[in-house]
$ cat start23.tsv   # TSV, N, CA and C atoms
chain	number	residue	atom	x	y	z
A	1	MET	N	-17.66	-35.92	-32.83
A	1	MET	CA	-17.49	-34.63	-32.21
A	1	MET	C	-16.16	-34.03	-32.70
A	2	GLU	N	-16.23	-32.83	-33.21
A	2	GLU	CA	-15.04	-32.17	-33.72
A	2	GLU	C	-14.17	-31.68	-32.55
A	3	PHE	N	-12.92	-31.41	-32.89
A	3	PHE	CA	-11.97	-30.97	-31.87
A	3	PHE	C	-12.42	-29.67	-31.22
A	4	SER	N	-12.92	-28.72	-32.00
A	4	SER	CA	-13.34	-27.44	-31.43
A	4	SER	C	-14.53	-27.62	-30.49
A	5	GLU	N	-15.43	-28.52	-30.80
A	5	GLU	CA	-16.54	-28.80	-29.91
A	5	GLU	C	-16.04	-29.42	-28.61
A	6	LEU	N	-15.10	-30.33	-28.72
A	6	LEU	CA	-14.53	-30.96	-27.54
A	6	LEU	C	-13.81	-29.93	-26.68
A	7	LEU	N	-13.08	-29.04	-27.33
A	7	LEU	CA	-12.36	-27.99	-26.61
A	7	LEU	C	-13.35	-27.06	-25.91
A	8	ASN	N	-14.42	-26.68	-26.57
A	8	ASN	CA	-15.44	-25.83	-25.95
A	8	ASN	C	-16.09	-26.54	-24.77
A	9	TYR	N	-16.34	-27.83	-24.91
A	9	TYR	CA	-16.94	-28.61	-23.83
A	9	TYR	C	-16.01	-28.67	-22.62
A	10	CYS	N	-14.73	-28.90	-22.88
A	10	CYS	CA	-13.75	-28.95	-21.79
A	10	CYS	C	-13.63	-27.59	-21.11
A	11	LEU	N	-13.62	-26.52	-21.87
A	11	LEU	CA	-13.56	-25.17	-21.32
A	11	LEU	C	-14.78	-24.89	-20.46
A	12	TYR	N	-15.93	-25.33	-20.92
A	12	TYR	CA	-17.16	-25.16	-20.16
A	12	TYR	C	-17.07	-25.88	-18.82
A	13	ILE	N	-16.56	-27.09	-18.84
A	13	ILE	CA	-16.41	-27.86	-17.60
A	13	ILE	C	-15.46	-27.14	-16.65
A	14	VAL	N	-14.36	-26.66	-17.17
A	14	VAL	CA	-13.38	-25.96	-16.33
A	14	VAL	C	-14.01	-24.72	-15.71
A	15	LEU	N	-14.72	-23.94	-16.51
A	15	LEU	CA	-15.29	-22.70	-16.00
A	15	LEU	C	-16.43	-22.94	-15.01
A	16	THR	N	-17.20	-23.99	-15.20
A	16	THR	CA	-18.35	-24.18	-14.33
A	16	THR	C	-18.07	-25.07	-13.13
A	17	VAL	N	-17.06	-25.90	-13.17
A	17	VAL	CA	-16.80	-26.82	-12.08
A	17	VAL	C	-15.53	-26.45	-11.31
A	18	ILE	N	-14.45	-26.35	-11.99
A	18	ILE	CA	-13.16	-26.18	-11.34
A	18	ILE	C	-12.95	-24.74	-10.86
A	19	LEU	N	-13.35	-23.76	-11.65
A	19	LEU	CA	-13.09	-22.36	-11.31
A	19	LEU	C	-13.75	-21.94	-9.99
A	20	PRO	N	-15.02	-22.28	-9.73
A	20	PRO	CA	-15.59	-21.91	-8.43
A	20	PRO	C	-14.87	-22.56	-7.25
A	21	VAL	N	-14.41	-23.78	-7.41
A	21	VAL	CA	-13.67	-24.45	-6.35
A	21	VAL	C	-12.35	-23.73	-6.11
A	22	ALA	N	-11.66	-23.40	-7.19
A	22	ALA	CA	-10.40	-22.67	-7.07
A	22	ALA	C	-10.63	-21.29	-6.44
A	23	ALA	N	-11.73	-20.64	-6.81
A	23	ALA	CA	-12.04	-19.32	-6.25
A	23	ALA	C	-12.28	-19.42	-4.74
A	24	LYS	N	-12.94	-20.49	-4.29
A	24	LYS	CA	-13.18	-20.66	-2.85
A	24	LYS	C	-11.86	-20.80	-2.11
A	25	TYR	N	-10.94	-21.61	-2.65
A	25	TYR	CA	-9.64	-21.75	-2.01
A	25	TYR	C	-8.89	-20.42	-2.01
A	26	ALA	N	-9.01	-19.66	-3.09
A	26	ALA	CA	-8.34	-18.36	-3.16
A	26	ALA	C	-8.92	-17.42	-2.10
A	27	VAL	N	-10.24	-17.40	-1.95
A	27	VAL	CA	-10.88	-16.54	-0.95
A	27	VAL	C	-10.42	-16.93	0.45
A	28	ASP	N	-10.43	-18.23	0.75
A	28	ASP	CA	-9.99	-18.69	2.07
A	28	ASP	C	-8.53	-18.32	2.33
A	29	PHE	N	-7.70	-18.48	1.32
A	29	PHE	CA	-6.29	-18.14	1.45
A	29	PHE	C	-6.11	-16.65	1.72
A	30	ILE	N	-6.82	-15.82	0.97
A	30	ILE	CA	-6.68	-14.37	1.12
A	30	ILE	C	-7.23	-13.92	2.47
A	31	LYS	N	-8.36	-14.48	2.88
A	31	LYS	CA	-8.92	-14.12	4.18
A	31	LYS	C	-7.97	-14.51	5.31
A	32	ALA	N	-7.31	-15.66	5.18
A	32	ALA	CA	-6.33	-16.08	6.18
A	32	ALA	C	-5.17	-15.10	6.23
A	33	LYS	N	-4.73	-14.65	5.06
A	33	LYS	CA	-3.63	-13.68	5.01
A	33	LYS	C	-4.03	-12.35	5.64
A	34	ILE	N	-5.28	-11.93	5.43
A	34	ILE	CA	-5.76	-10.70	6.04
A	34	ILE	C	-5.73	-10.83	7.56
A	35	LYS	N	-6.19	-11.99	8.08
A	35	LYS	CA	-6.20	-12.21	9.52
A	35	LYS	C	-4.79	-12.24	10.10
A	36	GLU	N	-3.83	-12.79	9.35
A	36	GLU	CA	-2.45	-12.90	9.81
A	36	GLU	C	-1.71	-11.57	9.72
A	37	SER	N	-2.23	-10.65	8.95
A	37	SER	CA	-1.55	-9.39	8.69
A	37	SER	C	-1.33	-8.59	9.97
A	38	ASN	N	-0.09	-8.21	10.21
A	38	ASN	CA	0.24	-7.38	11.36
A	38	ASN	C	-0.05	-5.91	11.09
A	39	ILE	N	-0.27	-5.54	9.85
A	39	ILE	CA	-0.54	-4.16	9.50
A	39	ILE	C	-1.81	-3.69	10.19
A	40	ILE	N	-2.84	-4.52	10.16
A	40	ILE	CA	-4.09	-4.15	10.80
A	40	ILE	C	-3.89	-4.01	12.31
A	41	ALA	N	-3.24	-5.00	12.91
A	41	ALA	CA	-3.03	-4.98	14.35
A	41	ALA	C	-2.18	-3.78	14.78
A	42	ASP	N	-1.14	-3.47	14.01
A	42	ASP	CA	-0.28	-2.34	14.34
A	42	ASP	C	-1.00	-1.01	14.16
A	43	ALA	N	-1.81	-0.91	13.12
A	43	ALA	CA	-2.48	0.35	12.83
A	43	ALA	C	-3.66	0.59	13.77
A	44	MET	N	-4.24	-0.47	14.29
A	44	MET	CA	-5.43	-0.34	15.14
A	44	MET	C	-5.13	-0.77	16.58
A	45	LYS	N	-5.20	0.16	17.49
A	45	LYS	CA	-5.04	-0.19	18.90
A	45	LYS	C	-6.35	-0.72	19.46
A	46	ASN	N	-7.41	-0.28	18.88
A	46	ASN	CA	-8.72	-0.64	19.37
A	46	ASN	C	-9.25	-1.86	18.62
A	47	GLU	N	-9.60	-2.90	19.34
A	47	GLU	CA	-10.08	-4.15	18.72
A	47	GLU	C	-11.34	-3.93	17.89
A	48	GLU	N	-12.22	-3.08	18.34
A	48	GLU	CA	-13.46	-2.81	17.60
A	48	GLU	C	-13.16	-2.18	16.24
A	49	LEU	N	-12.26	-1.22	16.21
A	49	LEU	CA	-11.89	-0.59	14.95
A	49	LEU	C	-11.22	-1.61	14.02
A	50	SER	N	-10.41	-2.47	14.61
A	50	SER	CA	-9.75	-3.50	13.83
A	50	SER	C	-10.78	-4.41	13.15
A	51	LYS	N	-11.82	-4.79	13.90
A	51	LYS	CA	-12.87	-5.64	13.33
A	51	LYS	C	-13.64	-4.92	12.24
A	52	ILE	N	-13.87	-3.63	12.41
A	52	ILE	CA	-14.57	-2.85	11.39
A	52	ILE	C	-13.76	-2.82	10.11
A	53	ILE	N	-12.47	-2.54	10.22
A	53	ILE	CA	-11.60	-2.47	9.04
A	53	ILE	C	-11.49	-3.85	8.39
A	54	GLU	N	-11.34	-4.89	9.19
A	54	GLU	CA	-11.25	-6.25	8.67
A	54	GLU	C	-12.52	-6.62	7.90
A	55	GLY	N	-13.67	-6.26	8.46
A	55	GLY	CA	-14.94	-6.52	7.78
A	55	GLY	C	-15.03	-5.79	6.45
A	56	ALA	N	-14.55	-4.55	6.43
A	56	ALA	CA	-14.56	-3.78	5.18
A	56	ALA	C	-13.63	-4.41	4.15
A	57	LEU	N	-12.48	-4.91	4.61
A	57	LEU	CA	-11.55	-5.58	3.69
A	57	LEU	C	-12.19	-6.85	3.10
A	58	TYR	N	-12.91	-7.60	3.93
A	58	TYR	CA	-13.61	-8.78	3.44
A	58	TYR	C	-14.67	-8.38	2.42
A	59	ASP	N	-15.38	-7.29	2.69
A	59	ASP	CA	-16.40	-6.81	1.76
A	59	ASP	C	-15.77	-6.44	0.41
A	60	VAL	N	-14.63	-5.77	0.45
A	60	VAL	CA	-13.94	-5.40	-0.79
A	60	VAL	C	-13.53	-6.66	-1.55
A	61	MET	N	-12.95	-7.62	-0.85
A	61	MET	CA	-12.52	-8.86	-1.50
A	61	MET	C	-13.72	-9.60	-2.08
A	62	ASP	N	-14.82	-9.66	-1.33
A	62	ASP	CA	-16.02	-10.32	-1.83
A	62	ASP	C	-16.53	-9.63	-3.10
A	63	ALA	N	-16.50	-8.30	-3.11
A	63	ALA	CA	-16.96	-7.55	-4.29
A	63	ALA	C	-16.07	-7.86	-5.49
A	64	VAL	N	-14.76	-7.86	-5.27
A	64	VAL	CA	-13.82	-8.16	-6.37
A	64	VAL	C	-14.03	-9.58	-6.89
A	65	LEU	N	-14.17	-10.54	-5.99
A	65	LEU	CA	-14.37	-11.92	-6.42
A	65	LEU	C	-15.72	-12.12	-7.10
A	66	TYR	N	-16.73	-11.40	-6.66
A	66	TYR	CA	-18.04	-11.47	-7.30
A	66	TYR	C	-17.95	-10.97	-8.75
A	67	VAL	N	-17.33	-9.82	-8.93
A	67	VAL	CA	-17.18	-9.26	-10.29
A	67	VAL	C	-16.33	-10.19	-11.14
A	68	ASN	N	-15.30	-10.75	-10.55
A	68	ASN	CA	-14.46	-11.70	-11.27
A	68	ASN	C	-15.29	-12.89	-11.75
A	69	GLN	N	-16.14	-13.40	-10.88
A	69	GLN	CA	-16.95	-14.58	-11.19
A	69	GLN	C	-18.00	-14.29	-12.26
A	70	VAL	N	-18.73	-13.18	-12.13
A	70	VAL	CA	-19.86	-12.94	-13.03
A	70	VAL	C	-19.52	-12.12	-14.27
A	71	TYR	N	-18.38	-11.47	-14.28
A	71	TYR	CA	-18.07	-10.57	-15.40
A	71	TYR	C	-16.72	-10.89	-16.03
A	72	THR	N	-15.67	-10.84	-15.25
A	72	THR	CA	-14.32	-10.93	-15.77
A	72	THR	C	-14.00	-12.30	-16.37
A	73	ASP	N	-14.33	-13.37	-15.67
A	73	ASP	CA	-13.96	-14.71	-16.13
A	73	ASP	C	-14.52	-15.02	-17.53
A	74	SER	N	-15.78	-14.67	-17.76
A	74	SER	CA	-16.37	-14.96	-19.07
A	74	SER	C	-15.71	-14.15	-20.18
A	75	LEU	N	-15.36	-12.90	-19.89
A	75	LEU	CA	-14.68	-12.08	-20.90
A	75	LEU	C	-13.26	-12.60	-21.17
A	76	LYS	N	-12.59	-13.02	-20.12
A	76	LYS	CA	-11.25	-13.58	-20.31
A	76	LYS	C	-11.31	-14.86	-21.14
A	77	ALA	N	-12.30	-15.70	-20.86
A	77	ALA	CA	-12.44	-16.96	-21.58
A	77	ALA	C	-12.69	-16.74	-23.07
A	78	SER	N	-13.41	-15.65	-23.38
A	78	SER	CA	-13.71	-15.37	-24.79
A	78	SER	C	-12.68	-14.43	-25.42
A	79	GLY	N	-11.66	-14.04	-24.65
A	79	GLY	CA	-10.61	-13.17	-25.19
A	79	GLY	C	-11.03	-11.73	-25.37
A	80	GLN	N	-12.05	-11.29	-24.65
A	80	GLN	CA	-12.58	-9.93	-24.81
A	80	GLN	C	-12.28	-9.04	-23.61
A	81	PHE	N	-11.36	-9.45	-22.76
A	81	PHE	CA	-11.06	-8.65	-21.57
A	81	PHE	C	-9.96	-7.65	-21.90
A	82	ASP	N	-10.37	-6.49	-22.38
A	82	ASP	CA	-9.44	-5.43	-22.77
A	82	ASP	C	-9.43	-4.32	-21.71
A	83	LYS	N	-8.77	-3.21	-22.01
A	83	LYS	CA	-8.66	-2.09	-21.06
A	83	LYS	C	-10.03	-1.55	-20.67
A	84	ALA	N	-10.93	-1.44	-21.62
A	84	ALA	CA	-12.29	-0.94	-21.32
A	84	ALA	C	-13.01	-1.90	-20.38
A	85	ALA	N	-12.85	-3.19	-20.61
A	85	ALA	CA	-13.48	-4.19	-19.75
A	85	ALA	C	-12.85	-4.17	-18.35
A	86	GLN	N	-11.54	-3.93	-18.27
A	86	GLN	CA	-10.88	-3.81	-16.97
A	86	GLN	C	-11.45	-2.64	-16.19
A	87	LYS	N	-11.63	-1.53	-16.87
A	87	LYS	CA	-12.18	-0.34	-16.21
A	87	LYS	C	-13.61	-0.61	-15.75
A	88	GLU	N	-14.39	-1.26	-16.59
A	88	GLU	CA	-15.77	-1.61	-16.22
A	88	GLU	C	-15.78	-2.57	-15.03
A	89	ALA	N	-14.88	-3.54	-15.01
A	89	ALA	CA	-14.80	-4.48	-13.89
A	89	ALA	C	-14.45	-3.74	-12.60
A	90	PHE	N	-13.52	-2.80	-12.68
A	90	PHE	CA	-13.17	-2.00	-11.51
A	90	PHE	C	-14.38	-1.23	-11.01
A	91	ASN	N	-15.10	-0.59	-11.93
A	91	ASN	CA	-16.28	0.20	-11.56
A	91	ASN	C	-17.36	-0.69	-10.93
A	92	LEU	N	-17.54	-1.88	-11.49
A	92	LEU	CA	-18.52	-2.81	-10.91
A	92	LEU	C	-18.12	-3.22	-9.49
A	93	ALA	N	-16.84	-3.51	-9.30
A	93	ALA	CA	-16.35	-3.87	-7.97
A	93	ALA	C	-16.50	-2.70	-7.00
A	94	TYR	N	-16.25	-1.50	-7.47
A	94	TYR	CA	-16.37	-0.29	-6.64
A	94	TYR	C	-17.82	-0.13	-6.17
A	95	VAL	N	-18.76	-0.26	-7.09
A	95	VAL	CA	-20.18	-0.12	-6.75
A	95	VAL	C	-20.61	-1.22	-5.77
A	96	GLU	N	-20.19	-2.46	-6.04
A	96	GLU	CA	-20.54	-3.58	-5.15
A	96	GLU	C	-19.99	-3.33	-3.75
A	97	ALA	N	-18.74	-2.92	-3.66
A	97	ALA	CA	-18.12	-2.67	-2.35
A	97	ALA	C	-18.83	-1.52	-1.63
A	98	MET	N	-19.14	-0.47	-2.36
A	98	MET	CA	-19.86	0.67	-1.76
A	98	MET	C	-21.19	0.23	-1.19
A	99	ASN	N	-21.88	-0.66	-1.88
A	99	ASN	CA	-23.17	-1.15	-1.42
A	99	ASN	C	-23.04	-2.07	-0.20
A	100	MET	N	-21.93	-2.76	-0.10
A	100	MET	CA	-21.74	-3.73	0.99
A	100	MET	C	-21.24	-3.08	2.28
A	101	ILE	N	-20.46	-2.03	2.17
A	101	ILE	CA	-19.84	-1.40	3.34
A	101	ILE	C	-20.82	-0.39	3.95
A	102	SER	N	-21.03	-0.50	5.24
A	102	SER	CA	-22.00	0.36	5.93
A	102	SER	C	-21.50	1.80	6.01
A	103	ASP	N	-22.44	2.71	6.23
A	103	ASP	CA	-22.09	4.12	6.37
A	103	ASP	C	-21.20	4.35	7.60
A	104	THR	N	-21.46	3.61	8.66
A	104	THR	CA	-20.64	3.73	9.87
A	104	THR	C	-19.20	3.34	9.56
A	105	THR	N	-19.03	2.24	8.85
A	105	THR	CA	-17.69	1.79	8.48
A	105	THR	C	-17.02	2.81	7.58
A	106	LYS	N	-17.77	3.35	6.62
A	106	LYS	CA	-17.20	4.38	5.73
A	106	LYS	C	-16.70	5.58	6.54
A	107	ASN	N	-17.48	5.99	7.55
A	107	ASN	CA	-17.07	7.12	8.39
A	107	ASN	C	-15.82	6.80	9.19
A	108	VAL	N	-15.73	5.59	9.73
A	108	VAL	CA	-14.55	5.17	10.49
A	108	VAL	C	-13.32	5.21	9.60
A	109	ILE	N	-13.44	4.65	8.41
A	109	ILE	CA	-12.31	4.63	7.47
A	109	ILE	C	-11.92	6.05	7.06
A	110	GLU	N	-12.91	6.87	6.85
A	110	GLU	CA	-12.66	8.29	6.50
A	110	GLU	C	-11.85	8.97	7.61
A	111	GLN	N	-12.22	8.72	8.87
A	111	GLN	CA	-11.51	9.32	9.99
A	111	GLN	C	-10.08	8.78	10.12
A	112	LEU	N	-9.92	7.48	9.88
A	112	LEU	CA	-8.60	6.86	10.05
A	112	LEU	C	-7.65	7.14	8.89
A	113	TYR	N	-8.17	7.15	7.68
A	113	TYR	CA	-7.31	7.22	6.50
A	113	TYR	C	-7.44	8.51	5.71
A	114	GLY	N	-8.38	9.37	6.09
A	114	GLY	CA	-8.51	10.65	5.41
A	114	GLY	C	-9.49	10.66	4.27
A	115	SER	N	-9.52	9.60	3.46
A	115	SER	CA	-10.43	9.55	2.32
A	115	SER	C	-10.90	8.11	2.12
A	116	PHE	N	-12.19	7.93	2.29
A	116	PHE	CA	-12.74	6.59	2.06
A	116	PHE	C	-12.59	6.20	0.60
A	117	ASP	N	-12.84	7.12	-0.31
A	117	ASP	CA	-12.76	6.84	-1.74
A	117	ASP	C	-11.37	6.36	-2.14
A	118	LYS	N	-10.34	7.06	-1.70
A	118	LYS	CA	-8.96	6.64	-2.01
A	118	LYS	C	-8.66	5.28	-1.39
A	119	TRP	N	-9.09	5.08	-0.15
A	119	TRP	CA	-8.86	3.81	0.54
A	119	TRP	C	-9.51	2.67	-0.23
A	120	LEU	N	-10.77	2.88	-0.63
A	120	LEU	CA	-11.50	1.84	-1.34
A	120	LEU	C	-10.85	1.52	-2.68
A	121	LYS	N	-10.47	2.52	-3.44
A	121	LYS	CA	-9.82	2.28	-4.74
A	121	LYS	C	-8.51	1.50	-4.55
A	122	LEU	N	-7.74	1.88	-3.55
A	122	LEU	CA	-6.48	1.18	-3.27
A	122	LEU	C	-6.74	-0.27	-2.89
A	123	LYS	N	-7.74	-0.50	-2.04
A	123	LYS	CA	-8.03	-1.87	-1.59
A	123	LYS	C	-8.61	-2.72	-2.71
A	124	ILE	N	-9.36	-2.13	-3.63
A	124	ILE	CA	-9.85	-2.89	-4.78
A	124	ILE	C	-8.67	-3.33	-5.64
A	125	GLU	N	-7.77	-2.41	-5.95
A	125	GLU	CA	-6.60	-2.75	-6.75
A	125	GLU	C	-5.76	-3.81	-6.05
A	126	SER	N	-5.58	-3.65	-4.75
A	126	SER	CA	-4.82	-4.60	-3.97
A	126	SER	C	-5.49	-5.98	-3.97
A	127	SER	N	-6.80	-6.01	-3.84
A	127	SER	CA	-7.55	-7.27	-3.84
A	127	SER	C	-7.48	-7.95	-5.20
A	128	VAL	N	-7.55	-7.16	-6.26
A	128	VAL	CA	-7.43	-7.73	-7.61
A	128	VAL	C	-6.06	-8.38	-7.77
A	129	ASN	N	-5.02	-7.69	-7.31
A	129	ASN	CA	-3.67	-8.23	-7.38
A	129	ASN	C	-3.54	-9.51	-6.56
A	130	MET	N	-4.09	-9.51	-5.35
A	130	MET	CA	-4.02	-10.70	-4.50
A	130	MET	C	-4.77	-11.87	-5.15
A	131	ALA	N	-5.93	-11.59	-5.73
A	131	ALA	CA	-6.71	-12.64	-6.37
A	131	ALA	C	-5.98	-13.20	-7.59
A	132	LYS	N	-5.31	-12.33	-8.34
A	132	LYS	CA	-4.54	-12.78	-9.51
A	132	LYS	C	-3.37	-13.64	-9.12
A	133	ASN	N	-2.67	-13.23	-8.05
A	133	ASN	CA	-1.42	-13.86	-7.69
A	133	ASN	C	-1.55	-15.01	-6.71
A	134	SER	N	-2.73	-15.21	-6.14
A	134	SER	CA	-2.87	-16.31	-5.19
A	134	SER	C	-2.99	-17.61	-5.94
A	135	LYS	N	-2.30	-18.61	-5.42
A	135	LYS	CA	-2.34	-19.93	-6.02
A	135	LYS	C	-2.98	-20.86	-5.01
A	136	PRO	N	-4.26	-21.20	-5.22
A	136	PRO	CA	-4.92	-22.05	-4.25
A	136	PRO	C	-4.25	-23.43	-4.14
A	137	ILE	N	-4.26	-23.94	-2.94
A	137	ILE	CA	-3.68	-25.25	-2.67
A	137	ILE	C	-4.80	-26.27	-2.78
A	138	ALA	N	-4.58	-27.29	-3.60
A	138	ALA	CA	-5.60	-28.33	-3.77
A	138	ALA	C	-5.74	-29.09	-2.47
A	139	GLY	N	-7.00	-29.37	-2.11
A	139	GLY	CA	-7.24	-30.02	-0.82
A	139	GLY	C	-7.47	-31.47	-0.91

$ encode --input "start23.tsv" --output "structure tokens"
Amino acid sequence: MEFSELLNYCLYIVLTVILPVAAKYAVDFIKAKIKESNIIADAMKNEELSKIIEGALYDVMDAVLYVNQVYTDSLKASGQFDKAAQKEAFNLAYVEAMNMISDTTKNVIEQLYGSFDKWLKLKIESSVNMAKNSKPIAG
């Protein structure tokens, strides 16, 4: 077996075995941080509204992690993740999040923040940053 074949095999193992485990720890870590966040509690006096916003944040994070798993990771591994691919990944995450968030939730966010579209774009960017910068703790 040549070195390049061995390297490809090792990369395949990392991408198919280790990366999903690391992604799960990252998701759990980020969800814990969202729950601990005082920003939501301070901004929302009403517990129901707080739960709606928290659910929407989880939906955004799930959309970002889904796109990362099915689109971004493979392009990064092959060295093809350029500006156009970043834009496409953002658009895919935007569409996924739009499909996951209910119309009622969209209306609530629109009333609270003025623009659902701006809120969603900001939260996608924020979620991408959190996913990039989170360092999962091995269990």

$ select_by_dssp --input "start23.tsv" --residues "chain A" --states "helix (DSSP H, G or I)" --output "PyMOL selection string"
chain A and resi 3-36+38-43+47-77+83-100+103-113+116-133

$ residues_around --input "start23.tsv" --residues "segment 81-94 of chain A" --least-positions-apart "4" --cutoff "8 Å" --atoms "only N, CA and C atoms" --output "list in words"
Val60, Asp62, Ala63, Val64, Leu65, Tyr66, Val67, Asn68, Tyr71, Thr72, Ser74, Leu75, Lys76, Ala77, Met98, Asn99, Met100, Leu120, Lys121, Ile124 and Glu125 of chain A

$ write_last_selection --input "start23.tsv" --atoms "N, CA and C atoms" --output "PDB file, keeping the file's coordinate frame"
ATOM      1  N   VAL A  60     -14.630  -5.770   0.450  1.00  0.00           N
ATOM      2  CA  VAL A  60     -13.940  -5.400  -0.790  1.00  0.00           C
ATOM      3  C   VAL A  60     -13.530  -6.660  -1.550  1.00  0.00           C
ATOM      4  N   ASP A  62     -14.820  -9.660  -1.330  1.00  0.00           N
ATOM      5  CA  ASP A  62     -16.020 -10.320  -1.830  1.00  0.00           C
ATOM      6  C   ASP A  62     -16.530  -9.630  -3.100  1.00  0.00           C
ATOM      7  N   ALA A  63     -16.500  -8.300  -3.110  1.00  0.00           N
ATOM      8  CA  ALA A  63     -16.960  -7.550  -4.290  1.00  0.00           C
ATOM      9  C   ALA A  63     -16.070  -7.860  -5.490  1.00  0.00           C
ATOM     10  N   VAL A  64     -14.760  -7.860  -5.270  1.00  0.00           N
ATOM     11  CA  VAL A  64     -13.820  -8.160  -6.370  1.00  0.00           C
ATOM     12  C   VAL A  64     -14.030  -9.580  -6.890  1.00  0.00           C
ATOM     13  N   LEU A  65     -14.170 -10.540  -5.990  1.00  0.00           N
ATOM     14  CA  LEU A  65     -14.370 -11.920  -6.420  1.00  0.00           C
ATOM     15  C   LEU A  65     -15.720 -12.120  -7.100  1.00  0.00           C
ATOM     16  N   TYR A  66     -16.730 -11.400  -6.660  1.00  0.00           N
ATOM     17  CA  TYR A  66     -18.040 -11.470  -7.300  1.00  0.00           C
ATOM     18  C   TYR A  66     -17.950 -10.970  -8.750  1.00  0.00           C
ATOM     19  N   VAL A  67     -17.330  -9.820  -8.930  1.00  0.00           N
ATOM     20  CA  VAL A  67     -17.180  -9.260 -10.290  1.00  0.00           C
ATOM     21  C   VAL A  67     -16.330 -10.190 -11.140  1.00  0.00           C
ATOM     22  N   ASN A  68     -15.300 -10.750 -10.550  1.00  0.00           N
ATOM     23  CA  ASN A  68     -14.460 -11.700 -11.270  1.00  0.00           C
ATOM     24  C   ASN A  68     -15.290 -12.890 -11.750  1.00  0.00           C
ATOM     25  N   TYR A  71     -18.380 -11.470 -14.280  1.00  0.00           N
ATOM     26  CA  TYR A  71     -18.070 -10.570 -15.400  1.00  0.00           C
ATOM     27  C   TYR A  71     -16.720 -10.890 -16.030  1.00  0.00           C
ATOM     28  N   THR A  72     -15.670 -10.840 -15.250  1.00  0.00           N
ATOM     29  CA  THR A  72     -14.320 -10.930 -15.770  1.00  0.00           C
ATOM     30  C   THR A  72     -14.000 -12.300 -16.370  1.00  0.00           C
ATOM     31  N   SER A  74     -15.780 -14.670 -17.760  1.00  0.00           N
ATOM     32  CA  SER A  74     -16.370 -14.960 -19.070  1.00  0.00           C
ATOM     33  C   SER A  74     -15.710 -14.150 -20.180  1.00  0.00           C
ATOM     34  N   LEU A  75     -15.360 -12.900 -19.890  1.00  0.00           N
ATOM     35  CA  LEU A  75     -14.680 -12.080 -20.900  1.00  0.00           C
ATOM     36  C   LEU A  75     -13.260 -12.600 -21.170  1.00  0.00           C
ATOM     37  N   LYS A  76     -12.590 -13.020 -20.120  1.00  0.00           N
ATOM     38  CA  LYS A  76     -11.250 -13.580 -20.310  1.00  0.00           C
ATOM     39  C   LYS A  76     -11.310 -14.860 -21.140  1.00  0.00           C
ATOM     40  N   ALA A  77     -12.300 -15.700 -20.860  1.00  0.00           N
ATOM     41  CA  ALA A  77     -12.440 -16.960 -21.580  1.00  0.00           C
ATOM     42  C   ALA A  77     -12.690 -16.740 -23.070  1.00  0.00           C
ATOM     43  N   MET A  98     -19.140  -0.470  -2.360  1.00  0.00           N
ATOM     44  CA  MET A  98     -19.860   0.670  -1.760  1.00  0.00           C
ATOM     45  C   MET A  98     -21.190   0.230  -1.190  1.00  0.00           C
ATOM     46  N   ASN A  99     -21.880  -0.660  -1.880  1.00  0.00           N
ATOM     47  CA  ASN A  99     -23.170  -1.150  -1.420  1.00  0.00           C
ATOM     48  C   ASN A  99     -23.040  -2.070  -0.200  1.00  0.00           C
ATOM     49  N   MET A 100     -21.930  -2.760  -0.100  1.00  0.00           N
ATOM     50  CA  MET A 100     -21.740  -3.730   0.990  1.00  0.00           C
ATOM     51  C   MET A 100     -21.240  -3.080   2.280  1.00  0.00           C
ATOM     52  N   LEU A 120     -10.770   2.880  -0.630  1.00  0.00           N
ATOM     53  CA  LEU A 120     -11.500   1.840  -1.340  1.00  0.00           C
ATOM     54  C   LEU A 120     -10.850   1.520  -2.680  1.00  0.00           C
ATOM     55  N   LYS A 121     -10.470   2.520  -3.440  1.00  0.00           N
ATOM     56  CA  LYS A 121      -9.820   2.280  -4.740  1.00  0.00           C
ATOM     57  C   LYS A 121      -8.510   1.500  -4.550  1.00  0.00           C
ATOM     58  N   ILE A 124      -9.360  -2.130  -3.630  1.00  0.00           N
ATOM     59  CA  ILE A 124      -9.850  -2.890  -4.780  1.00  0.00           C
ATOM     60  C   ILE A 124      -8.670  -3.330  -5.640  1.00  0.00           C
ATOM     61  N   GLU A 125      -7.770  -2.410  -5.950  1.00  0.00           N
ATOM     62  CA  GLU A 125      -6.600  -2.750  -6.750  1.00  0.00           C
ATOM     63  C   GLU A 125      -5.760  -3.810  -6.050  1.00  0.00           C
TER      64      GLU A 125
END

$ atom_distance --input "start23.tsv" --atom1 "atom CA of Phe29 of chain A" --atom2 "atom CA of Ile109 of chain A"
24.3 Å

$ closest_residue --input "start23.tsv" --among "A:Ser50, A:Asn107, A:Gln69, A:Gln80" --to "Leu15 of chain A" --atoms "only C-alpha atoms"
A:Gln69

$ atom_distance --input "start23.tsv" --atom1 "atom CA of Asn8 of chain A" --atom2 "atom CA of Asp73 of chain A"
14.9 Å

$ closest_residue --input "start23.tsv" --among "A:Lys24, A:Lys106, A:Glu2, A:Ile52" --to "Lys118 of chain A" --atoms "only C-alpha atoms"
A:Lys106

$ atom_distance --input "start23.tsv" --atom1 "atom CA of Lys33 of chain A" --atom2 "atom CA of Trp119 of chain A"
18.8 Å

$ closest_residue --input "start23.tsv" --among "A:Met61, A:Ala23, A:Thr16, A:Leu49" --to "Asn129 of chain A" --atoms "only C-alpha atoms"
A:Met61

$ closest_residue --input "start23.tsv" --among "A:Lys35, A:Ser127, A:Val21, A:Leu112" --to "Asp59 of chain A" --atoms "only C-alpha atoms"
A:Ser127

$ closest_residue --input "start23.tsv" --among "A:Ile30, A:Leu19, A:Ile53, A:Val108" --to "Val128 of chain A" --atoms "only C-alpha atoms"
A:Ile30
